[in-house]
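A.B. asks: Below is run.txt; it holds compact mmCIF, C-alpha atoms.
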```
# COMPACT_ATOMS: atom_id res chain seq x y z
CA ALA L 99 65.73 55.95 73.39
CA GLY L 100 62.35 54.66 74.21
CA GLN L 101 59.05 54.86 76.06
CA LEU L 102 57.48 52.31 78.46
CA ILE L 103 53.67 51.89 78.37
CA ALA L 104 52.08 50.56 81.57
CA PRO L 105 48.55 49.22 81.84
CA ASP L 106 45.99 51.11 83.85
CA GLN L 107 44.68 47.87 85.13
CA SER L 108 46.21 44.66 86.37
CA ARG L 109 46.57 41.69 84.10
CA ALA L 110 44.02 39.85 86.13
CA GLY L 111 42.17 37.33 84.06
CA PRO L 112 41.69 33.65 83.36
CA ARG L 113 44.80 31.54 83.36
CA LEU L 114 45.36 28.72 80.90
CA ALA L 115 44.76 25.23 82.23
CA ASN L 116 47.74 22.91 82.59
CA PRO L 117 48.02 21.17 79.19
CA TYR L 118 49.85 18.26 80.86
CA PRO L 119 47.45 16.72 83.45
CA PRO L 120 48.69 14.22 86.03
CA ALA L 121 49.09 10.63 84.94
CA GLY L 122 45.85 8.69 85.07
CA THR L 123 43.64 11.72 84.39
CA PRO L 124 41.03 10.90 81.69
CA ALA L 125 41.68 12.78 78.45
CA ALA L 126 39.23 15.60 77.70
CA PRO L 127 37.11 15.12 74.57
CA ALA L 128 38.31 17.08 71.57
CA PRO L 129 36.03 19.75 70.10
CA PRO L 130 34.28 19.11 66.76
CA ARG L 131 36.78 19.42 63.94
CA ASP L 132 34.32 20.92 61.44
CA ALA L 133 33.59 24.21 63.20
CA ILE L 134 33.67 27.94 62.76
CA GLN L 135 34.84 30.23 65.54
CA ARG L 136 33.18 33.63 65.68
CA GLY L 137 34.53 36.29 67.98
CA PRO L 138 37.10 38.98 68.44
CA ALA L 139 40.67 38.36 67.64
CA VAL L 140 43.58 39.62 69.59
CA THR L 141 43.81 43.12 71.03
CA LYS L 142 42.41 44.23 74.39
CA THR L 143 43.88 48.16 76.40
CA ARG L 144 43.30 45.65 78.83
CA PHE L 145 43.64 47.00 74.42
CA PHE L 146 40.61 42.55 71.92
CA ALA L 147 40.64 43.94 73.21
CA ALA L 148 42.93 45.76 75.33
CA VAL L 149 46.49 46.91 74.94
CA ALA L 150 48.19 48.43 77.93
CA ALA L 151 51.71 49.74 77.90
CA ALA L 152 54.34 51.70 79.74
CA SER L 153 57.37 53.33 78.18
CA PHE L 154 60.03 55.97 78.14
CA ALA L 155 59.80 58.45 75.28
CA PHE L 156 62.43 60.56 73.60
CA MET L 157 61.32 63.87 72.06
CA ALA L 158 62.99 65.70 69.20
CA GLY L 159 61.98 69.34 69.04
CA ALA L 160 62.93 72.69 70.48
CA ALA L 161 66.07 72.62 72.61
CA CYS L 162 65.85 73.04 76.38
CA ALA L 163 68.21 73.34 79.34
CA GLN L 164 69.51 69.98 80.58
CA ASP L 165 67.86 70.37 84.00
CA GLU L 166 64.48 71.31 82.49
CA PHE L 167 61.93 69.22 80.64
CA GLN L 168 60.98 69.71 77.03
CA PRO L 169 57.28 70.57 76.56
CA LYS L 170 55.30 69.14 73.67
CA ALA L 171 54.65 71.59 70.82
CA GLN L 172 53.93 71.77 67.11
CA GLY L 173 56.65 69.98 65.15
CA THR L 174 57.69 67.71 68.04
CA TRP L 175 58.54 64.09 67.27
CA MET L 176 58.36 61.38 69.95
CA LEU L 177 59.96 57.94 69.70
CA ASN L 178 58.44 55.41 72.09
CA LEU L 179 59.93 52.01 72.93
CA ARG L 180 57.37 50.14 74.98
CA VAL L 181 56.51 46.95 76.79
CA SER L 182 52.88 46.21 75.95
CA ASP L 183 50.35 43.76 77.35
CA VAL L 184 48.01 42.60 74.58
CA ALA L 185 45.08 40.94 76.34
CA PRO L 186 42.12 39.60 74.34
CA SER L 187 38.82 39.73 76.20
CA GLY L 188 35.84 37.41 76.31
CA GLU L 189 35.06 33.91 75.07
CA TYR L 190 33.10 33.33 71.87
CA GLY L 191 31.01 30.38 70.74
CA ILE L 192 32.28 27.74 68.32
CA ASN L 193 29.67 26.61 65.79
CA THR L 194 29.66 23.82 63.23
CA ALA L 195 29.89 24.71 59.54
CA ALA L 196 26.08 24.43 59.46
CA GLY L 197 25.81 27.07 62.20
CA ALA L 198 24.82 24.75 65.06
CA ALA L 199 26.25 25.51 68.51
CA THR L 200 28.82 23.01 69.78
CA GLY L 201 28.67 24.11 73.41
CA LEU L 202 32.34 25.09 73.20
CA LYS L 203 33.91 28.54 73.25
CA ALA L 204 37.15 29.97 71.86
CA LYS L 205 39.50 31.59 74.37
CA VAL L 206 42.55 33.61 73.26
CA GLY L 207 45.48 34.01 75.65
CA ASP L 208 47.32 37.28 76.21
CA ASP L 209 50.97 38.14 75.59
CA ILE L 210 53.56 40.75 76.65
CA MET L 211 56.01 41.95 74.02
CA PRO L 212 58.07 45.05 73.08
CA THR L 213 56.39 47.55 70.73
CA ILE L 214 57.54 50.73 69.03
CA GLY L 215 55.61 53.94 68.35
CA VAL L 216 56.22 57.29 66.68
CA THR L 217 54.20 60.43 67.47
CA TYR L 218 54.22 63.72 65.53
CA PHE L 219 52.58 66.95 66.73
CA MET L 220 50.74 68.66 63.87
CA THR L 221 49.77 71.50 66.25
CA ASP L 222 50.46 72.15 69.93
CA ASN L 223 47.41 70.05 70.84
CA LEU L 224 46.88 67.57 67.98
CA ALA L 225 49.22 64.69 67.23
CA VAL L 226 49.21 61.48 65.20
CA GLU L 227 50.72 58.24 66.48
CA VAL L 228 51.69 55.04 64.68
CA VAL L 229 52.34 51.94 66.79
CA ALA L 230 53.57 48.53 65.67
CA GLY L 231 54.57 45.32 67.36
CA THR L 232 53.90 41.62 67.09
CA THR L 233 52.58 39.16 69.67
CA LYS L 234 51.88 35.44 69.89
CA HIS L 235 48.62 34.05 71.32
CA THR L 236 47.30 30.57 72.07
CA VAL L 237 43.74 29.87 70.88
CA ARG L 238 41.94 27.24 72.97
CA ALA L 239 38.59 25.48 72.67
CA VAL L 240 37.01 25.35 76.14
CA GLY L 241 33.79 23.96 77.55
CA PRO L 242 32.48 21.50 80.16
CA GLY L 243 35.37 19.07 80.68
CA VAL L 244 37.18 20.43 77.60
CA ASP L 245 40.27 22.67 77.40
CA VAL L 246 42.12 21.97 74.14
CA PRO L 247 44.75 24.19 72.44
CA VAL L 248 43.99 24.47 68.72
CA ARG L 249 46.56 27.03 67.52
CA ASP L 250 49.47 29.25 68.51
CA GLN L 251 48.95 32.40 66.39
CA TRP L 252 51.20 35.38 65.62
CA VAL L 253 49.52 38.73 64.96
CA LEU L 254 50.80 42.11 63.78
CA PRO L 255 48.27 44.79 64.88
CA PRO L 256 49.52 48.23 63.73
CA THR L 257 47.41 51.21 64.85
CA LEU L 258 47.07 54.79 63.60
CA ASP L 259 45.63 57.25 66.15
CA LEU L 260 44.71 60.94 66.23
CA GLN L 261 45.45 62.34 69.71
CA TYR L 262 44.29 65.44 71.60
CA HIS L 263 46.69 66.84 74.23
CA PRO L 264 44.91 69.52 76.34
CA LEU L 265 48.00 70.40 78.43
CA PRO L 266 51.02 70.00 76.12
CA THR L 267 53.33 72.24 78.18
CA ALA L 268 52.59 70.65 81.58
CA ARG L 269 54.99 68.20 83.21
CA ILE L 270 52.08 65.76 83.59
CA SER L 271 50.33 65.92 80.22
CA PRO L 272 47.28 63.65 79.63
CA TYR L 273 45.78 62.87 76.23
CA VAL L 274 42.98 60.96 74.55
CA GLY L 275 42.81 59.51 71.07
CA ALA L 276 40.94 57.42 68.53
CA GLY L 277 41.93 55.70 65.33
CA VAL L 278 42.02 52.57 63.20
CA ASN L 279 43.77 49.23 63.47
CA TYR L 280 44.54 46.37 61.07
CA MET L 281 44.93 42.84 62.39
CA LEU L 282 47.36 40.82 60.29
CA PHE L 283 47.55 37.17 61.34
CA TYR L 284 50.62 35.28 60.15
CA GLY L 285 52.83 32.34 61.01
CA GLY L 286 51.56 30.27 63.86
CA HIS L 287 51.34 26.58 64.63
CA ASP L 288 48.29 24.32 64.55
CA ARG L 289 47.82 22.02 67.54
CA SER L 290 45.82 18.92 68.55
CA GLY L 291 45.36 17.84 64.93
CA PHE L 292 43.33 20.90 63.88
CA THR L 293 43.86 23.24 60.94
CA VAL L 294 42.93 26.85 61.78
CA ASP L 295 42.64 29.83 59.44
CA VAL L 296 42.14 33.21 61.18
CA HIS L 297 40.84 36.07 59.00
CA ASN L 298 42.56 39.46 58.87
CA GLY L 299 40.56 42.67 59.22
CA PHE L 300 40.17 46.26 60.43
CA GLY L 301 39.14 47.49 63.86
CA TRP L 302 38.52 50.72 65.76
CA VAL L 303 40.81 52.06 68.49
CA LEU L 304 40.15 54.17 71.60
CA GLN L 305 43.12 55.48 73.56
CA ALA L 306 43.93 57.34 76.78
CA GLY L 307 47.28 58.06 78.38
CA THR L 308 49.61 60.44 80.16
CA ASP L 309 53.11 61.71 79.42
CA ILE L 310 55.15 62.49 82.54
CA ALA L 311 58.17 64.65 81.69
CA VAL L 312 61.38 63.57 83.44
CA GLN L 313 64.30 65.67 82.22
CA GLY L 314 65.36 67.19 78.92
CA PRO L 315 63.73 65.24 76.05
CA TRP L 316 62.89 62.20 78.21
CA SER L 317 59.45 61.32 79.54
CA LEU L 318 57.55 58.41 81.08
CA ASN L 319 54.37 57.37 79.30
CA LEU L 320 51.38 55.40 80.56
CA ASP L 321 49.02 54.36 77.78
CA VAL L 322 46.01 52.12 77.30
CA LYS L 323 44.21 51.27 74.07
CA LYS L 324 41.02 49.34 73.44
CA ILE L 325 40.76 47.78 70.01
CA MET L 326 37.28 46.79 68.90
CA PHE L 327 37.77 44.00 66.40
CA ARG L 328 35.89 40.86 65.39
CA THR L 329 37.00 38.06 63.12
CA ASP L 330 36.09 34.58 61.91
CA ALA L 331 38.39 31.58 62.25
CA ASP L 332 37.78 28.40 60.23
CA ILE L 333 38.64 25.23 62.18
CA ASN L 334 38.87 21.97 60.21
```
Please rewrite the model in this file as structure tokens.

C.D. replies:
Amino acid sequence: AGQLIAPDQSRAGPRLANPYPPAGTPAAPAPPRDAIQRGPAVTKTRFFAAVAAASFAFMAGAACAQDEFQPKAQGTWMLNLRVSDVAPSGEYGINTAAGAATGLKAKVGDDIMPTIGVTYFMTDNLAVEVVAGTTKHTVRAVGPGVDVPVRDQWVLPPTLDLQYHPLPTARISPYVGAGVNYMLFYGGHDRSGFTVDVHNGFGWVLQAGTDIAVQGPWSLNLDVKKIMFRTDADIN
């Protein structure tokens, strides 16, 4: 049983440059190796910070006729299996260890991966949601004539949200929420001869979505989260 989360906006955005230019193309200069990247890490609802998702949800609660839908109510549990688009936003300057600007910026690519969430209704209108999933992102140093991959980075960004559902018994039931997030960077692969260390940390989450009841305990969910998170990455 699961839930699909669909973004409320298209995944429009910058595309990564071809890392394999045609033969004969002059190689782009590499960015300074002794640098510090300052900027947000991965999460955009288009979530860094946007996370957008679409899913089917299964609800465990009061029984209902097979041809009816099950309304949300106190004590209801929802299991959501989602496909989420984690899309970091913006480009952030890369400075030397002394703090001088290099003229380069760090760009983090987005990723689409399955995620899982569990929601519990403490009252008819208030619920808590825990969401977890892991995504992989390419960090690039970009600037005039420069587009160099420096690291492929895995991140685990679990979120804990408090939600308000104004119309829990309606077939189309919107909600809003807010909460906290922790960015855990792990694994990954350094590229182009650089060594990159991305710092973990906490962020804030804003959320909006809609549950659309289908039949029985099943519903379609559209959800978008914006995670406000900043981190430092040491590049050697």

A.B. asks: Which of these, L:Asp245, L:Asp332, L:Asp309, L:Glu227, has the shortest distance to Gln168 in chain L once you count all atoms listed in the file?

C.D. replies: L:Asp309

A.B. asks: To one decimal place, how far is CA of Ser317 in chain L from CA of Leu224 in chain L in Å?

C.D. replies: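 For CA of Ser317 in chain L relative to CA of Leu224 in chain L, the distance reads 18.2 Å.
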
A.B. asks: Mind running range 244-334 of chain L against range 195-202 of chain L at 12 Å and telling me each contacting residue's nearest atom pair with the distance in Å (one decimal), counting all atoms listed in the file, chain and number ascending, as CSV?

C.D. replies:
```
residue,atom,partner,partner_atom,distance
L:Val244,CA,L:Leu202,CA,8.0
L:Asp245,CA,L:Leu202,CA,9.3
L:Val246,CA,L:Leu202,CA,10.3
L:Asp330,CA,L:Ala195,CA,11.9
L:Ala331,CA,L:Ala195,CA,11.3
L:Asp332,CA,L:Ala195,CA,8.7
L:Ile333,CA,L:Ala195,CA,9.2
L:Asn334,CA,L:Ala195,CA,9.4
```

A.B. asks: Here is a test: counting all atoms listed in the file, which residue of L:Asn223, L:Val322, L:Val237, L:Trp175 is nearest to Phe292 in chain L?

C.D. replies: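 Residue with the minimum atom-to-atom distance to Phe292 in chain L: L:Val237.
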
A.B. asks: Please provide as a ChimeraX atom specification all residues within 7 Å of Ile214 in chain L, with the sequence filter that same-chain residues fewer than 4 positions apart are discarded (counting only C-alpha atoms).

C.D. replies: /L:178-180,229-231

A.B. asks: Smallest atom-to-atom distance to Val216 in chain L: which of L:Leu282, L:Leu260, L:Met176, L:Ala171, using all atoms listed in the file?

C.D. replies: L:Met176
